[in-house]
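Trainee: Okay, so here is model.cif, and as you'll see once you scroll down, it has mmCIF, C-alpha atoms.
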data_protein
loop_
_atom_site.label_atom_id
_atom_site.label_comp_id
_atom_site.auth_asym_id
_atom_site.auth_seq_id
_atom_site.Cartn_x
_atom_site.Cartn_y
_atom_site.Cartn_z
CA MET Q 1 0.00 0.00 0.00
CA GLN Q 2 2.83 2.40 0.89
CA PHE Q 3 4.39 1.60 -2.51
CA PHE Q 4 1.36 2.96 -4.37
CA LEU Q 5 0.70 5.80 -1.93
CA GLY Q 6 4.20 7.18 -2.37
CA ARG Q 7 3.88 7.23 -6.14
CA LEU Q 8 0.38 8.73 -5.97
CA TYR Q 9 1.62 11.56 -3.74
CA LEU Q 10 4.58 12.24 -6.05
CA ALA Q 11 2.35 12.27 -9.14
CA GLY Q 12 0.03 14.83 -7.53
CA ALA Q 13 2.96 16.96 -6.37
CA PHE Q 14 4.55 17.21 -9.81
CA ILE Q 15 1.27 17.79 -11.66
CA LEU Q 16 0.66 20.76 -9.38
CA ALA Q 17 4.28 21.89 -9.82
CA GLY Q 18 3.76 21.85 -13.58
CA SER Q 19 0.86 24.27 -13.24
CA SER Q 20 3.18 26.72 -11.44
CA VAL Q 21 4.86 27.65 -14.73
CA VAL Q 22 1.54 28.81 -16.22
CA ALA Q 23 0.40 30.50 -12.99
CA ALA Q 24 3.68 32.39 -12.82
CA ARG Q 25 3.29 33.43 -16.45
CA TYR Q 26 0.07 35.31 -15.63
CA VAL Q 27 1.82 37.54 -13.09
CA SER Q 28 5.30 37.65 -14.63
CA GLY Q 29 5.96 41.18 -15.84
CA ARG Q 30 3.18 42.61 -13.65
CA LEU Q 31 5.07 42.03 -10.39
CA GLY Q 32 8.73 41.74 -9.44
CA VAL Q 33 10.04 38.19 -9.14
CA PHE Q 34 10.70 38.53 -5.40
CA THR Q 35 7.23 40.02 -4.87
CA ILE Q 36 5.60 37.07 -6.65
CA SER Q 37 7.62 34.63 -4.55
CA ALA Q 38 6.97 36.42 -1.26
CA ALA Q 39 3.24 36.91 -1.90
CA SER Q 40 2.67 33.28 -2.92
CA LEU Q 41 4.68 31.99 0.05
CA PHE Q 42 2.79 34.29 2.44
CA LEU Q 43 -0.55 33.00 1.15
CA ALA Q 44 0.68 29.42 1.53
CA LEU Q 45 1.85 30.09 5.08
CA LEU Q 46 -1.53 31.57 6.03
CA ALA Q 47 -3.16 28.29 4.99
CA LEU Q 48 -0.52 26.02 6.53
CA LEU Q 49 -0.15 27.53 10.00
CA PRO Q 50 -3.67 26.69 11.27
CA ILE Q 51 -3.39 23.12 9.93
CA SER Q 52 0.03 22.45 11.47
CA GLY Q 53 -0.67 24.30 14.72
CA CYS Q 54 -1.17 21.28 16.98
CA SER Q 55 1.85 19.35 15.68
CA MET Q 56 4.23 22.29 15.44
CA PRO Q 57 5.31 22.68 19.12
CA ARG Q 58 6.32 19.02 19.44
CA ALA Q 59 8.17 19.10 16.11
CA LEU Q 60 10.09 22.24 17.07
CA HIS Q 61 11.03 20.70 20.42
CA ASN Q 62 12.46 17.58 18.76
CA MET Q 63 14.42 19.41 16.04
CA ASN Q 64 18.19 19.81 16.34
CA CYS Q 65 20.70 22.02 14.54
CA ARG Q 66 21.14 19.54 11.67
CA ASP Q 67 17.38 19.50 11.11
CA TRP Q 68 17.30 23.29 10.84
CA ILE Q 69 20.22 23.27 8.39
CA ALA Q 70 18.33 20.72 6.26
CA ILE Q 71 15.20 22.91 6.35
CA LEU Q 72 17.28 25.96 5.35
CA PHE Q 73 18.85 24.23 2.35
CA GLN Q 74 15.51 22.78 1.22
CA ALA Q 75 13.90 26.22 1.46
CA ALA Q 76 16.79 27.87 -0.39
CA CYS Q 77 16.90 25.34 -3.25
CA GLY Q 78 13.33 24.07 -3.54
CA MET Q 79 11.38 27.29 -3.06
CA PHE Q 80 13.55 30.42 -3.06
CA LEU Q 81 16.13 29.83 -5.82
CA PHE Q 82 13.79 27.65 -7.91
CA ARG Q 83 11.20 30.43 -8.08
CA ILE Q 84 13.72 33.20 -8.67
CA PHE Q 85 15.38 31.39 -11.58
CA LEU Q 86 12.06 30.25 -13.07
CA LEU Q 87 10.34 33.64 -12.80
CA ASN Q 88 13.32 35.45 -14.28
CA GLY Q 89 13.51 32.88 -17.07
CA LEU Q 90 9.84 33.35 -17.93
CA ARG Q 91 10.56 36.99 -18.75
CA TYR Q 92 12.54 35.86 -21.80
CA THR Q 93 11.11 32.49 -22.86
CA SER Q 94 7.68 30.93 -23.33
CA ALA Q 95 5.85 28.95 -20.65
CA SER Q 96 5.71 25.88 -22.90
CA GLU Q 97 9.46 25.95 -23.52
CA ALA Q 98 10.17 26.57 -19.84
CA GLY Q 99 7.94 23.64 -18.95
CA LEU Q 100 9.85 21.36 -21.32
CA LEU Q 101 13.21 22.45 -19.95
CA THR Q 102 12.18 21.64 -16.39
CA GLY Q 103 12.20 18.05 -17.66
CA ALA Q 104 15.97 18.14 -17.18
CA ALA Q 105 15.37 17.66 -13.45
CA PRO Q 106 15.08 13.82 -13.58
CA ALA Q 107 18.47 13.39 -15.26
CA LEU Q 108 20.07 15.91 -12.92
CA THR Q 109 18.48 14.19 -9.92
CA ALA Q 110 19.79 10.80 -11.08
CA LEU Q 111 23.32 12.20 -11.36
CA LEU Q 112 23.16 13.89 -7.95
CA ALA Q 113 21.59 10.82 -6.31
CA ALA Q 114 24.40 8.65 -7.72
CA SER Q 115 27.03 11.10 -6.44
CA PHE Q 116 25.69 11.89 -2.98
CA LEU Q 117 23.23 9.11 -2.08
CA ARG Q 118 25.17 6.29 -3.77
CA GLU Q 119 22.07 5.27 -5.70
CA PRO Q 120 23.15 3.03 -8.63
CA LEU Q 121 23.54 4.69 -12.02
CA TYR Q 122 22.12 1.92 -14.22
CA LYS Q 123 22.61 1.81 -17.98
CA THR Q 124 19.00 2.88 -18.49
CA ARG Q 125 19.61 5.98 -16.37
CA VAL Q 126 22.76 6.81 -18.32
CA PHE Q 127 20.70 6.55 -21.52
CA GLY Q 128 18.07 8.78 -19.91
CA ILE Q 129 20.68 11.41 -19.08
CA ILE Q 130 22.04 11.36 -22.65
CA SER Q 131 18.52 11.64 -24.08
CA THR Q 132 17.76 14.58 -21.79
CA VAL Q 133 20.92 16.45 -22.79
CA ALA Q 134 20.19 15.85 -26.50
CA GLY Q 135 16.60 17.05 -26.02
CA ILE Q 136 17.74 20.25 -24.32
CA LEU Q 137 20.22 20.94 -27.12
CA LEU Q 138 17.46 20.36 -29.68
CA ILE Q 139 15.10 22.74 -27.89
CA GLN Q 140 17.89 25.33 -27.86
CA GLY Q 141 18.45 24.78 -31.59
CA MET Q 142 22.09 23.81 -31.00
CA LEU Q 143 21.88 20.59 -33.02
CA ASN Q 144 21.27 22.61 -36.18
CA GLY Q 145 24.68 24.24 -36.25
CA GLY Q 146 23.82 27.28 -34.14
CA SER Q 147 21.95 28.47 -31.09
CA GLY Q 148 18.80 29.14 -33.13
CA LEU Q 149 17.68 31.59 -30.42
CA SER Q 150 18.20 35.22 -29.59
CA GLN Q 151 20.60 36.01 -26.77
CA GLN Q 152 17.75 36.96 -24.42
CA HIS Q 153 15.77 33.83 -25.29
CA LEU Q 154 18.83 31.68 -24.67
CA MET Q 155 19.41 33.42 -21.33
CA GLY Q 156 15.80 32.72 -20.35
CA ASN Q 157 16.24 29.02 -21.12
CA LEU Q 158 19.48 28.87 -19.15
CA LEU Q 159 17.72 30.41 -16.15
CA VAL Q 160 14.99 27.75 -16.39
CA LEU Q 161 17.69 25.06 -16.49
CA ALA Q 162 19.17 26.60 -13.34
CA ALA Q 163 15.71 26.26 -11.76
CA ALA Q 164 15.69 22.59 -12.78
CA MET Q 165 19.06 22.13 -11.07
CA CYS Q 166 17.63 23.69 -7.89
CA GLU Q 167 14.67 21.30 -8.12
CA SER Q 168 17.09 18.37 -8.40
CA LEU Q 169 19.10 19.56 -5.40
CA PHE Q 170 15.87 19.86 -3.43
CA ASN Q 171 14.89 16.29 -4.40
CA VAL Q 172 18.21 14.87 -3.23
CA LEU Q 173 18.36 16.96 -0.04
CA SER Q 174 14.84 15.88 0.93
CA ARG Q 175 15.68 12.23 0.34
CA PHE Q 176 18.98 12.56 2.22
CA SER Q 177 17.16 14.05 5.20
CA SER Q 178 14.62 11.22 5.14
CA ILE Q 179 17.37 8.56 4.99
CA ARG Q 180 19.31 10.21 7.82
CA ASN Q 181 16.24 10.27 10.06
CA SER Q 182 15.55 6.60 9.32
CA LEU Q 183 19.12 5.51 10.10
CA SER Q 184 19.24 7.48 13.33
CA GLN Q 185 15.70 6.36 14.19
CA ASN Q 186 14.60 9.96 14.56
CA GLU Q 187 10.93 10.74 14.24
CA GLU Q 188 10.03 11.87 10.72
CA LEU Q 189 8.63 15.38 10.49
CA ASN Q 190 4.97 15.48 9.61
CA PRO Q 191 4.70 16.51 5.91
CA ILE Q 192 2.44 19.45 6.81
CA VAL Q 193 4.82 20.67 9.52
CA GLN Q 194 7.82 20.26 7.23
CA THR Q 195 6.08 22.17 4.44
CA THR Q 196 5.17 24.95 6.89
CA LEU Q 197 8.74 25.29 8.15
CA VAL Q 198 10.29 25.25 4.67
CA THR Q 199 7.71 27.79 3.45
CA GLY Q 200 8.37 30.08 6.42
CA VAL Q 201 12.15 30.01 5.91
CA ALA Q 202 11.75 30.61 2.16
CA LEU Q 203 9.47 33.59 2.89
CA LEU Q 204 12.13 35.09 5.16
CA LEU Q 205 14.67 34.74 2.34
CA CYS Q 206 12.31 36.58 -0.05
CA LEU Q 207 11.16 39.42 2.19
CA GLY Q 208 14.20 41.69 2.01
CA PRO Q 209 14.57 41.68 -1.80
CA ALA Q 210 10.77 41.91 -2.22
CA LEU Q 211 10.59 45.16 -0.22
CA THR Q 212 12.94 46.82 -2.72
CA GLU Q 213 10.36 46.16 -5.46
CA HIS Q 214 7.66 48.30 -3.72
CA PRO Q 215 5.13 45.43 -3.55
CA GLY Q 216 2.28 47.50 -2.14
CA SER Q 217 1.97 49.76 -5.17
CA THR Q 218 2.12 46.87 -7.65
CA LEU Q 219 -0.16 44.36 -5.89
CA ILE Q 220 -3.10 46.79 -5.90
CA THR Q 221 -2.92 47.04 -9.70
CA LEU Q 222 -3.56 43.32 -10.22
CA GLY Q 223 -6.80 42.16 -11.82
CA SER Q 224 -8.92 39.21 -10.72
CA LEU Q 225 -7.16 36.78 -13.06
CA GLU Q 226 -3.72 37.72 -11.71
CA TRP Q 227 -4.92 37.37 -8.12
CA LEU Q 228 -6.40 33.98 -8.94
CA ALA Q 229 -3.02 32.91 -10.39
CA LEU Q 230 -1.24 34.18 -7.28
CA LEU Q 231 -3.67 32.34 -4.98
CA TRP Q 232 -3.21 29.14 -7.00
CA TYR Q 233 0.58 29.51 -6.83
CA GLY Q 234 0.46 29.96 -3.07
CA LEU Q 235 -2.35 27.77 -1.78
CA VAL Q 236 -2.32 24.89 -4.27
CA VAL Q 237 1.15 24.71 -5.83
CA THR Q 238 3.07 25.57 -2.66
CA ALA Q 239 0.94 24.44 0.29
CA LEU Q 240 -0.75 21.34 -1.15
CA GLY Q 241 2.00 20.50 -3.64
CA TYR Q 242 4.81 20.39 -1.08
CA ILE Q 243 2.71 18.44 1.43
CA LEU Q 244 2.21 15.79 -1.26
CA TRP Q 245 5.93 15.94 -2.09
CA TYR Q 246 7.11 15.31 1.48
CA ALA Q 247 4.53 12.56 1.92
CA GLY Q 248 5.82 10.88 -1.25
CA ILE Q 249 9.59 11.23 -0.82
CA THR Q 250 9.52 9.42 2.53
CA ARG Q 251 8.10 6.39 0.72
CA CYS Q 252 10.21 6.45 -2.48
CA ASP Q 253 13.88 6.87 -3.35
CA ALA Q 254 15.21 9.86 -5.27
CA SER Q 255 15.32 8.02 -8.60
CA VAL Q 256 11.58 7.28 -8.41
CA ALA Q 257 10.96 10.95 -7.64
CA ALA Q 258 13.12 11.79 -10.65
CA ALA Q 259 10.90 9.69 -12.89
CA PHE Q 260 7.70 11.31 -11.64
CA SER Q 261 9.15 14.81 -11.97
CA GLY Q 262 8.66 14.34 -15.72
CA LEU Q 263 4.98 15.04 -15.08
CA MET Q 264 5.95 18.66 -14.45
CA PRO Q 265 7.04 19.51 -18.03
CA PHE Q 266 4.17 17.47 -19.47
CA THR Q 267 1.60 19.37 -17.38
CA SER Q 268 3.26 22.71 -18.16
CA LEU Q 269 3.20 22.03 -21.89
CA CYS Q 270 -0.46 20.96 -21.94
CA LEU Q 271 -1.59 23.94 -19.85
CA SER Q 272 0.51 26.39 -21.90
CA VAL Q 273 -1.18 25.23 -25.08
CA ALA Q 274 -4.69 25.07 -23.55
CA LEU Q 275 -4.69 28.24 -21.42
CA LEU Q 276 -2.05 30.53 -22.92
CA GLY Q 277 -2.57 29.61 -26.58
CA GLU Q 278 1.11 28.92 -27.14
CA HIS Q 279 2.16 26.80 -30.10
CA PRO Q 280 5.59 25.16 -29.75
CA PHE Q 281 7.55 24.52 -32.95
CA GLY Q 282 8.21 21.03 -34.26
CA GLN Q 283 11.79 21.24 -33.06
CA GLN Q 284 10.59 22.01 -29.52
CA TRP Q 285 8.14 19.10 -29.62
CA SER Q 286 10.95 16.78 -30.74
CA GLY Q 287 13.27 18.06 -28.05
CA GLY Q 288 10.51 17.78 -25.48
CA ALA Q 289 9.84 14.17 -26.53
CA MET Q 290 13.53 13.37 -25.99
CA VAL Q 291 13.43 15.02 -22.56
CA VAL Q 292 10.33 12.99 -21.62
CA LEU Q 293 12.03 9.82 -22.91
CA GLY Q 294 15.05 10.72 -20.79
CA MET Q 295 12.73 11.22 -17.82
CA ILE Q 296 11.29 7.73 -18.25
CA PHE Q 297 14.67 6.04 -18.54
CA SER Q 298 16.16 8.10 -15.69
CA GLY Q 299 13.60 6.59 -13.34
CA VAL Q 300 13.75 3.00 -14.57
CA LYS Q 301 15.15 0.59 -12.02
CA PRO Q 302 16.12 -2.94 -13.07
CA SER Q 303 14.37 -5.78 -11.27
CA SER Q 304 16.08 -7.30 -8.24
CA GLN Q 305 16.48 -10.54 -10.22
CA SER Q 306 18.48 -8.86 -12.98
CA ILE Q 307 20.63 -7.03 -10.42
CA GLU Q 308 21.37 -10.31 -8.65
CA LEU Q 309 22.15 -12.04 -11.96
CA LYS Q 310 24.66 -9.34 -12.86
CA ARG Q 311 26.24 -9.69 -9.43
CA LEU Q 312 26.65 -13.45 -9.87
CA ILE Q 313 28.14 -12.99 -13.34
CA ASN Q 314 30.66 -10.53 -11.93
CA LEU Q 315 31.55 -12.93 -9.14
CA ARG Q 316 32.26 -15.73 -11.63
CA HIS Q 317 34.66 -13.51 -13.48
#
Please re-express this file's structure in structure tokens.
Mentor:
Amino acid sequence: MQFFLGRLYLAGAFILAGSSVVAARYVSGRLGVFTISAASLFLALLALLPISGCSMPRALHNMNCRDWIAILFQAACGMFLFRIFLLNGLRYTSASEAGLLTGAAPALTALLAASFLREPLYKTRVFGIISTVAGILLIQGMLNGGSGLSQQHLMGNLLVLAAAMCESLFNVLSRFSSIRNSLSQNEELNPIVQTTLVTGVALLLCLGPALTEHPGSTLITLGSLEWLALLWYGLVVTALGYILWYAGITRCDASVAAAFSGLMPFTSLCLSVALLGEHPFGQQWSGGAMVVLGMIFSGVKPSSQSIELKRLINLRH
């Protein structure tokens, strides 16, 4: 049951994360990037604090310095830097293209998990990484003898790739924290409490820069559609999405999370076409297909029987 629950939670988390690209597009250009981040995190925190209220005192009492460091790094990578890179990238590239480029996260997660968590880098995952890199190059137009993009467009895509790297770091850090708690037999943080703490720390990181953007004078100019996008980004993508994420990552390893993170670019692409009326070029579709293929192979794990067979073959030699 836990096997299916973990995957169900991860699927929900990444589908909601995919919608963040489109939600951010509605307010990008109307608000500063730090204002968007701070406002959405504040709305999420307003929803999370009443829900986590009863469990919060006990969790805070049991947390040590290492737990707070883990929360800080997760907030910095998974919420603060991810949003800043993504929102800045959306100023120069389309939502559909940004959504496709976030598909680099599975390959990056597989590489980081192999380096820091010692998760095996199977041949299928190596193929997935190669397919992802080729897909990104195709989206950028670099397989046609040139960049194929303007300098600003290319910069926007590079910023989105930086956001994907932050997402991958967040995946690995979350899994590392879960493994460490299991090995030391520490009590796992409740997903709602963990989401509340990470959101609160990320909000603190955003507040200073957001104040320099004069948020009061810009927020009052938003229309109902922009406010709806901001509410969705805060309450659904952040609050609900990260609760589902933490509930899933405690039940699955980082490579499984990497595979499911491919739902993010798929959701972004579909919503960009349906809601924003964007029409990706054939080259972008081809590159996106290679990224999705890389996502699938990055998350494939050989059966225990095939792993054991390979071990026996190696022993004989």
Trainee: Go through Q:Thr238, Q:Gln151, Q:Thr124, Q:Asn64 one by one, measure the shortest atom-to-atom distance of each to Arg83 (chain Q) using all atoms listed in the file, and give the residue with the smallest value.
Mentor: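 The answer is Q:Thr238, which sits nearest to Arg83 (chain Q).
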Trainee: Would you compute the distance between CA of Thr267 (chain Q) and CA of Phe14 (chain Q)? Give it in Å to one decimal.
Mentor: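 Atom-to-atom, CA of Thr267 (chain Q) to CA of Phe14 (chain Q), that is 8.4 Å.
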Trainee: Please provide the set of residues having any atom within 8 Å of Tyr26 (chain Q), restricted to all atoms listed in the file, with same-chain residues fewer than 2 positions apart removed, written as a list in words.
Mentor: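 Counting all atoms listed in the file, the residues come to Val22, Ala23, Ala24, Ser28, Leu225, Glu226 and Ala229 of chain Q.
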Trainee: Quick one: write out the picked residues with C-alpha atoms as a JSON list (two decimals), keeping the file's coordinate frame?
Mentor:
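As written to disk, selection.json reads:
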[["chain", "number", "residue", "atom", "x", "y", "z"],
["Q", 22, "VAL", "CA", 1.54, 28.81, -16.22],
["Q", 23, "ALA", "CA", 0.40, 30.50, -12.99],
["Q", 24, "ALA", "CA", 3.68, 32.39, -12.82],
["Q", 28, "SER", "CA", 5.30, 37.65, -14.63],
["Q", 225, "LEU", "CA", -7.16, 36.78, -13.06],
["Q", 226, "GLU", "CA", -3.72, 37.72, -11.71],
["Q", 229, "ALA", "CA", -3.02, 32.91, -10.39]]
Trainee: Let me have the centre and edge lengths in Å, one decimal, of the box along x, y and z around every listed atom of region 199-202 of chain Q with 6 Å of margin on each side, as AutoDock Vina command-line options.
Mentor:
--center_x 9.9 --center_y 29.2 --center_z 4.3 --size_x 16.4 --size_y 14.8 --size_z 16.3
Trainee: Ranking Q:Leu117, Q:Arg180, Q:Ser96, Q:Ala104 by minimum distance to Gly277 (chain Q) and counting all atoms listed in the file, which one comes first?
Mentor: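 Using all atoms listed in the file, the shortest distance to Gly277 (chain Q) belongs to Q:Ser96.
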Trainee: Please evaluate the PyMOL selection byres ((chain Q and resi 49) around 10) against the displayed coordinates and give the resulting residues as a compact mmCIF listing (two decimals) with C-alpha atoms, in the coordinates of the input.
Mentor:
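So the final result, stored in part_20.txt, reads:
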# COMPACT_ATOMS: atom_id res chain seq x y z
CA ALA Q 44 0.68 29.42 1.53
CA LEU Q 45 1.85 30.09 5.08
CA LEU Q 46 -1.53 31.57 6.03
CA ALA Q 47 -3.16 28.29 4.99
CA LEU Q 48 -0.52 26.02 6.53
CA PRO Q 50 -3.67 26.69 11.27
CA ILE Q 51 -3.39 23.12 9.93
CA SER Q 52 0.03 22.45 11.47
CA GLY Q 53 -0.67 24.30 14.72
CA CYS Q 54 -1.17 21.28 16.98
CA MET Q 56 4.23 22.29 15.44
CA ILE Q 192 2.44 19.45 6.81
CA VAL Q 193 4.82 20.67 9.52
CA THR Q 195 6.08 22.17 4.44
CA THR Q 196 5.17 24.95 6.89
CA LEU Q 197 8.74 25.29 8.15
CA GLY Q 200 8.37 30.08 6.42
Trainee: Residues within 7 Å of region 156-164 of chain Q, please, as a list in words. Count all atoms listed in the file; anything in the same chain fewer than 3 positions from it doesn't count.
Mentor: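 In the requested format, the answer is Leu81, Phe82, Phe85, Leu86, Asn88, Gly89, Leu90, Arg91, Tyr92, Thr93, Ala98, Leu101, Thr102, Ala104, Ala105, Gln152, His153, Glu167 and Ser168 of chain Q.
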Trainee: Could you give me, as a VMD selection string, the residues that sit within 12 Å of (6.0, 16.2, -13.4) in the file's coordinates, counting only C-alpha atoms?
Mentor: chain Q and resid 7 to 21 99 to 106 164 167 241 245 256 to 270 291 to 292 295 to 296
Trainee: Under the PyMOL selection byres ((chain Q and resi 175) around 8), which residues of this model are included? Write them out as a ChimeraX atom specification.
Mentor: /Q:171-174,176-179,249-250,253-254
Trainee: In Å, rounded to a single decimal, give me how far CA of Pro215 (chain Q) is from CA of Cys77 (chain Q).
Mentor: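 Separating CA of Cys77 (chain Q) from CA of Pro215 (chain Q) is a distance of 23.3 Å.
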Trainee: Assuming the input is short of atoms at region 150-159 of chain Q, produce all heavy atoms for that part as an mmCIF file, in the frame of the given file.
Mentor:
data_model
loop_
_atom_site.group_PDB
_atom_site.id
_atom_site.type_symbol
_atom_site.label_atom_id
_atom_site.label_comp_id
_atom_site.auth_asym_id
_atom_site.auth_seq_id
_atom_site.Cartn_x
_atom_site.Cartn_y
_atom_site.Cartn_z
ATOM 1 N N SER Q 150 17.596 33.937 -29.912
ATOM 2 C CA SER Q 150 18.200 35.220 -29.590
ATOM 3 C C SER Q 150 18.956 35.093 -28.268
ATOM 4 O O SER Q 150 18.744 34.151 -27.500
ATOM 5 C CB SER Q 150 17.120 36.292 -29.471
ATOM 6 O OG SER Q 150 16.294 36.032 -28.341
ATOM 7 N N GLN Q 151 19.808 36.054 -27.992
ATOM 8 C CA GLN Q 151 20.600 36.010 -26.770
ATOM 9 C C GLN Q 151 19.715 36.049 -25.536
ATOM 10 O O GLN Q 151 19.957 35.330 -24.562
ATOM 11 C CB GLN Q 151 21.598 37.177 -26.745
ATOM 12 C CG GLN Q 151 22.619 37.087 -25.625
ATOM 13 C CD GLN Q 151 23.690 38.154 -25.732
ATOM 14 O OE1 GLN Q 151 23.649 39.004 -26.619
ATOM 15 N NE2 GLN Q 151 24.662 38.113 -24.846
ATOM 16 N N GLN Q 152 18.669 36.869 -25.566
ATOM 17 C CA GLN Q 152 17.750 36.960 -24.420
ATOM 18 C C GLN Q 152 16.978 35.661 -24.230
ATOM 19 O O GLN Q 152 16.799 35.195 -23.104
ATOM 20 C CB GLN Q 152 16.788 38.125 -24.611
ATOM 21 C CG GLN Q 152 17.374 39.484 -24.280
ATOM 22 C CD GLN Q 152 16.305 40.545 -24.114
ATOM 23 O OE1 GLN Q 152 15.208 40.425 -24.662
ATOM 24 N NE2 GLN Q 152 16.606 41.598 -23.374
ATOM 25 N N HIS Q 153 16.510 35.085 -25.358
ATOM 26 C CA HIS Q 153 15.770 33.830 -25.290
ATOM 27 C C HIS Q 153 16.648 32.724 -24.711
ATOM 28 O O HIS Q 153 16.218 31.934 -23.869
ATOM 29 C CB HIS Q 153 15.277 33.455 -26.684
ATOM 30 C CG HIS Q 153 14.215 32.404 -26.686
ATOM 31 N ND1 HIS Q 153 13.393 32.175 -27.758
ATOM 32 C CD2 HIS Q 153 13.835 31.500 -25.744
ATOM 33 C CE1 HIS Q 153 12.562 31.183 -27.472
ATOM 34 N NE2 HIS Q 153 12.818 30.756 -26.264
ATOM 35 N N LEU Q 154 17.885 32.674 -25.161
ATOM 36 C CA LEU Q 154 18.830 31.680 -24.670
ATOM 37 C C LEU Q 154 19.081 31.875 -23.174
ATOM 38 O O LEU Q 154 19.132 30.903 -22.409
ATOM 39 C CB LEU Q 154 20.140 31.777 -25.444
ATOM 40 C CG LEU Q 154 21.235 30.763 -25.080
ATOM 41 C CD1 LEU Q 154 20.753 29.342 -25.314
ATOM 42 C CD2 LEU Q 154 22.499 31.032 -25.877
ATOM 43 N N MET Q 155 19.220 33.133 -22.754
ATOM 44 C CA MET Q 155 19.410 33.420 -21.330
ATOM 45 C C MET Q 155 18.210 32.961 -20.515
ATOM 46 O O MET Q 155 18.359 32.397 -19.424
ATOM 47 C CB MET Q 155 19.639 34.930 -21.134
ATOM 48 C CG MET Q 155 19.793 35.345 -19.668
ATOM 49 S SD MET Q 155 21.148 34.481 -18.827
ATOM 50 C CE MET Q 155 22.553 35.177 -19.693
ATOM 51 N N GLY Q 156 16.992 33.188 -21.041
ATOM 52 C CA GLY Q 156 15.800 32.720 -20.350
ATOM 53 C C GLY Q 156 15.799 31.214 -20.168
ATOM 54 O O GLY Q 156 15.470 30.702 -19.086
ATOM 55 N N ASN Q 157 16.188 30.476 -21.209
ATOM 56 C CA ASN Q 157 16.240 29.020 -21.120
ATOM 57 C C ASN Q 157 17.291 28.548 -20.133
ATOM 58 O O ASN Q 157 17.089 27.562 -19.406
ATOM 59 C CB ASN Q 157 16.510 28.423 -22.499
ATOM 60 C CG ASN Q 157 15.298 28.498 -23.404
ATOM 61 O OD1 ASN Q 157 14.204 28.863 -22.982
ATOM 62 N ND2 ASN Q 157 15.478 28.168 -24.678
ATOM 63 N N LEU Q 158 18.426 29.235 -20.100
ATOM 64 C CA LEU Q 158 19.480 28.870 -19.150
ATOM 65 C C LEU Q 158 19.026 29.101 -17.710
ATOM 66 O O LEU Q 158 19.358 28.323 -16.809
ATOM 67 C CB LEU Q 158 20.755 29.661 -19.437
ATOM 68 C CG LEU Q 158 21.498 29.297 -20.727
ATOM 69 C CD1 LEU Q 158 22.678 30.238 -20.952
ATOM 70 C CD2 LEU Q 158 21.982 27.840 -20.683
ATOM 71 N N LEU Q 159 18.259 30.155 -17.491
ATOM 72 C CA LEU Q 159 17.720 30.410 -16.150
ATOM 73 C C LEU Q 159 16.733 29.321 -15.742
ATOM 74 O O LEU Q 159 16.711 28.893 -14.575
ATOM 75 C CB LEU Q 159 17.032 31.782 -16.117
ATOM 76 C CG LEU Q 159 17.961 33.000 -16.128
ATOM 77 C CD1 LEU Q 159 17.171 34.274 -16.383
ATOM 78 C CD2 LEU Q 159 18.714 33.110 -14.805
#
